[in-house]
Amino acid sequence: MAVRELAKIYEPASVEEKWYTKWEASAAYKPDMVSAKETFTILIPPPNITGILTIGHVLNLTIQDVLIRRARMQGKNTLWLPGTDHASIATEARVSRMLKDQGVNKREIGREKFLEHAWEWKAKYGGTIVKQLRKLGASCDWDREVFTMDERYSRAVQEVFVRLYNDGLIYRGERIINWDPLGQTALSDEEVIYHEQQGKLWYFKYPLADDSGFVEVATTRPETMLGDTGIAVNPEDERYRKLVGKKVRLPIVNRTIPIFADDYVDREFGTGCVKVTPAHDPNDFEMGRRHNLEIINIFHPDASLNDQVPEKYRGLDRDAARQKIVAEFEALGLLSKIEDYTNKVGHSERTNAIVEPYLSKQWFVRMKPLAQPALKAVADGRVAFFPYRWVKTYNHWLENIRDWCISRQLWWGHRIPVWYRGTEIYCGLEAPAGEGWQQEEDVLDTWFSSWLWPFATMGWPEETDDLKKFYPTQDLVTGPDIIFFWVARMIMAGLYFKQEIPFERVYFTGIIRDEQGRKMSKSLGNSPDPLDLFREYGADATRVSILMIAPQGLDILFSQSQTEHGRNFMNKLWNSSRFVLMNLDQDMPAPLRDIAPDRFDLTDRWILARLNETIRKVDRAYELYRMNDAVKLVYDFVWADFCDWYIEFAKSRFYAGTPDDRKLAQSVSVHVLKQILKLLHPYTPFITEELWSYFKTDSDKLLINTPWPVIDETLTDTTAEDTMRLLMDVITAIRNMRTQLNIAPGKPATLFIRGEEALTGPVVQHKEYLSRLAKVSELTVGTDIPKPPHAATAVVRKMELFIPLEGLIDLQKEIERLKKQITGMEGRLSGIDKKLSNANFISRAPAQIIERERAKKTEYAENLRKLKENYAALTG
């Protein structure tokens, strides 16, 4: 194949668009349904249709793309199945807000009309994130894209509900649930986010009904006292034992309520007497059931007070009611004291409203029977977690699991397949025959559809070809924040409905934070738009930058400047490829397999051995799911071994070598570069495919389908590696001496080496490399040669290196320059010392300023040491 010239500058935008289109057109993303090859399947964690691409998505989806692209190159029959989630709460809120802006009230238009608007909104905006995933380079099989409210998927959701209902694992019950008064829907425990807040602890006095005194209670929520139906004390608390069985008169309401003993009461909280509001606290609800207390719900769904409270409180919101009650208690002389109190307050994950514990009839799944098999699947290693530490979190949640509230008071979502007629209840896939049946108004929790994702996406409950071939899947990549919402539940569902685990391995990513350690968020303005990064740096640079700073399972501190490192790496790869192409002849050189191994010179044998070892270490990093280590290994090999050393060694062979040696260097350069492109392709697919198109022969496939590099044991050469490491250390030491002493780079120098022959022998044998890369014109070695006068000195592996400076520099001029620098550096160091020994400065300066000054001192001291060493070399 004829060699083509590569553009001087890499332009990501045109390259990315071109190759994504070609990959799709070539069906590169599609699995082979008749192949007998090992399958490798990943299911994308479905992003919400309300979502847009974030930096967190870039991390998660790039890891998935890395895994699927490598598996594809390994010859596996791969499927990366994409899809989106209907996101009940978020989507309904978005559509309701849109309608409100248009002057439309959703309650007035009704359910069916509202759903029409919701589907229209989904059609217009729901595909935004999918388009953005393509910009990232996600190599999904888009023909298999699934939406959680597709007809087929919805049928699977209904099937699961009906089966669980018939199996006695779904029930309807009156329980205290988490209620979002803004979204006006129930929330699961996992949808409640707790924020620490500074609040108050109010101490109220409740008069005993016989007027013999008072009982003092402490509360963080005064407004709920209107629903109190009891006072609880610990049975072991001697202070209140004599009060058990008595009654108090509830202030404001004038309701008589009992005092009883219950083990739940913490004697150390407040006064040890606890007001009990069964309708508005889950623990109070359980105490109420144990002691047969009246249950009084005092809130409307929007958390305003209802008709169960005195008239003057009706319609007030929680805050207003709280203030009014505290004021009334104070006026009645029944407010004992107020203390500051730090409390964790639950907020809705979706609307951020303060969650109200609320007594309501809801639908629940009994989770304990489902949890035990899921615990066992992880314990016996059928499902592996990376990092392993998340197993403890998983086990803790499943061992303490509570029933799952799955009903939501929304319209957008999967409507519960239950119908009512009087006291009759019917559950089924189709509406019951006969008149008078009314379907349940509630929809299912979004996670109820998501926990079926691994098999419902493949056509379950039908035994489809996809399900037979690709279930169970191999890898799941997700965040640890949804280990309960999603990961654990998918394992439960897979084991219950398919009697198989849904996936073999789970990789938990870290959370991306800004440089100050804060979570990325729009409100903080610290979350860059990935599409802006793609436009400025390219998708590849963004992908590789994030993964290089993402150790397995640890949080990542990200700044936009780090993306510049990725861009620099892409430019380095581009420029080195361009250099190799410019030094090829008309056609591609002979492949490595056609070259006898004894023809390779030392640098060839070294770079091929280093490549071999890099492949070995990269494969091991993948086995351990250390994706950042894998890409760092390739990065280091490309930058340090190939570009900084091998290409430098090869230049003289390209420019002035014999024809055979030139062709040999060309073949090795092209071979190594092609293996680099293969190793980097999962991380940086666009630039590598573009460069591959310049180096591939007519028989080569697209890089996306090219076989993954394999280790060739015949290329292992520890002798070449050891020898080259020694030569590179010597060359580096000479270059450092030249730099420190301002010796012109192109000026030839004489080198003396004092050391044992076992070390100096390889240097002498390959002295031409010192000549090429360090401008050594003459080399003298020996075990006891004297140090020349006025010589710069370095030590490399017990060898002493001397470069006589006479004739290389103006000695006197250099001595004077160094004296001035030493004096100046000593002055700076003295100034820093005075500042750091000043107690006033240390006590008043911010910690980061003090740390910066200490770092300066260390830097100045090291610079001074080097200056004095150089001065001694010239004057000694």
# chains A, B, ... in the order shown; residues from 1 in each chain; ligands from 1
>>> residues_around(residues="A:Gly746", least_positions_apart="3", cutoff="9 Å", atoms="only C-alpha atoms", output="PyMOL selection string")
chain A and resi 743+774-775
>>> residues_around(residues="stretch 464-470 of chain A", least_positions_apart="2", cutoff="7 Å", atoms="only C-alpha atoms", output="PyMOL selection string")
chain A and resi 39+41+455+458-459+462+472-473
>>> write_last_selection(atoms="C-alpha atoms", output="PDB file, in the first residue's frame")
ATOM      1  CA  THR A  39     -20.030 -13.624  23.817  1.00  0.00           C
ATOM      2  CA  THR A  41     -22.212  -8.276  26.711  1.00  0.00           C
ATOM      3  CA  PHE A 455     -33.339  -9.522  30.679  1.00  0.00           C
ATOM      4  CA  MET A 458     -33.635  -8.841  25.461  1.00  0.00           C
ATOM      5  CA  GLY A 459     -37.324  -9.638  25.086  1.00  0.00           C
ATOM      6  CA  GLU A 462     -40.284 -14.621  25.660  1.00  0.00           C
ATOM      7  CA  PRO A 472     -26.326 -13.487  31.525  1.00  0.00           C
ATOM      8  CA  THR A 473     -24.194 -10.490  30.629  1.00  0.00           C
TER       9      THR A 473
END
>>> closest_residue(among="A:Cys140, A:Ala279, A:Val162, A:Ile512", to="A:Leu293", atoms="only C-alpha atoms")
A:Ala279
>>> residues_around(residues="A:Pro47", least_positions_apart="2", cutoff="12 Å", atoms="only C-alpha atoms", output="ChimeraX atom specification")
/A:43-45,49-54,56-57,60-61,82-87,90,126-130,132-133,146-148,450,478
>>> residues_around(residues="stretch 769-773 of chain A", least_positions_apart="6", cutoff="8 Å", atoms="only C-alpha atoms", output="list of chain:residue names")
A:Glu648, A:Phe649, A:Ser652, A:Leu727, A:Ile731
>>> residues_around(residues="A:Leu602", least_positions_apart="2", cutoff="8 Å", atoms="only C-alpha atoms", output="ChimeraX atom specification")
/A:600,604-606,720,724
>>> select_by_dssp(residues="stretch 416-653 of chain A", states="alpha helix (DSSP H)", output="PyMOL selection string")
chain A and resi 446-450+453-456+465-470+489-493+530-537+539-548+561-582+602-623+627-636+647-653
>>> residues_around(residues="A:Leu759", least_positions_apart="5", cutoff="9 Å", atoms="only C-alpha atoms", output="PyMOL selection string")
chain A and resi 726+797-799
>>> write_last_selection(atoms="C-alpha atoms", output="PDB file, in the first residue's frame")
ATOM      1  CA  LEU A 726      22.347   1.329  31.262  1.00  0.00           C
ATOM      2  CA  ARG A 797      25.386   2.564  38.692  1.00  0.00           C
ATOM      3  CA  LYS A 798      28.745   2.765  40.492  1.00  0.00           C
ATOM      4  CA  MET A 799      30.418   4.190  37.374  1.00  0.00           C
TER       5      MET A 799
END
>>> closest_residue(among="A:Asp228, A:Glu216, A:Asp601, A:Glu806", to="A:Cys273", atoms="only C-alpha atoms")
A:Glu216
>>> residues_around(residues="A:Pro282", least_positions_apart="3", cutoff="8 Å", atoms="only C-alpha atoms", output="PyMOL selection string")
chain A and resi 176-177+278-279+285-286+357
>>> atom_distance(atom1="atom CA of A:Leu811", atom2="atom CA of A:Thr732")
23.0 Å
>>> atom_distance(atom1="atom CA of A:Trp363", atom2="atom CA of A:Ile406")
5.7 Å
>>> closest_residue(among="A:Ile687, A:Arg318, A:Leu250, A:Leu677", to="A:Thr706", atoms="only C-alpha atoms")
A:Leu677
>>> select_by_dssp(residues="stretch 480-582 of chain A", states="strand (DSSP E or B)", output="number ranges by chain")
A: 503-508, 512-513, 519, 556-557
>>> write_last_selection(atoms="C-alpha atoms", output="tab-separated table (two decimals), in the first residue's frame")
chain	number	residue	atom	x	y	z
A	503	PHE	CA	-23.96	-10.16	35.17
A	504	GLU	CA	-20.65	-11.63	36.26
A	505	ARG	CA	-18.75	-8.52	37.32
A	506	VAL	CA	-19.63	-5.05	38.60
A	507	TYR	CA	-17.15	-2.19	38.27
A	508	PHE	CA	-17.95	0.72	40.58
A	512	ILE	CA	-15.91	13.14	39.84
A	513	ARG	CA	-15.28	16.20	41.97
A	519	LYS	CA	-19.28	17.21	43.71
A	556	ILE	CA	-11.54	11.88	40.97
A	557	LEU	CA	-10.47	15.51	41.32
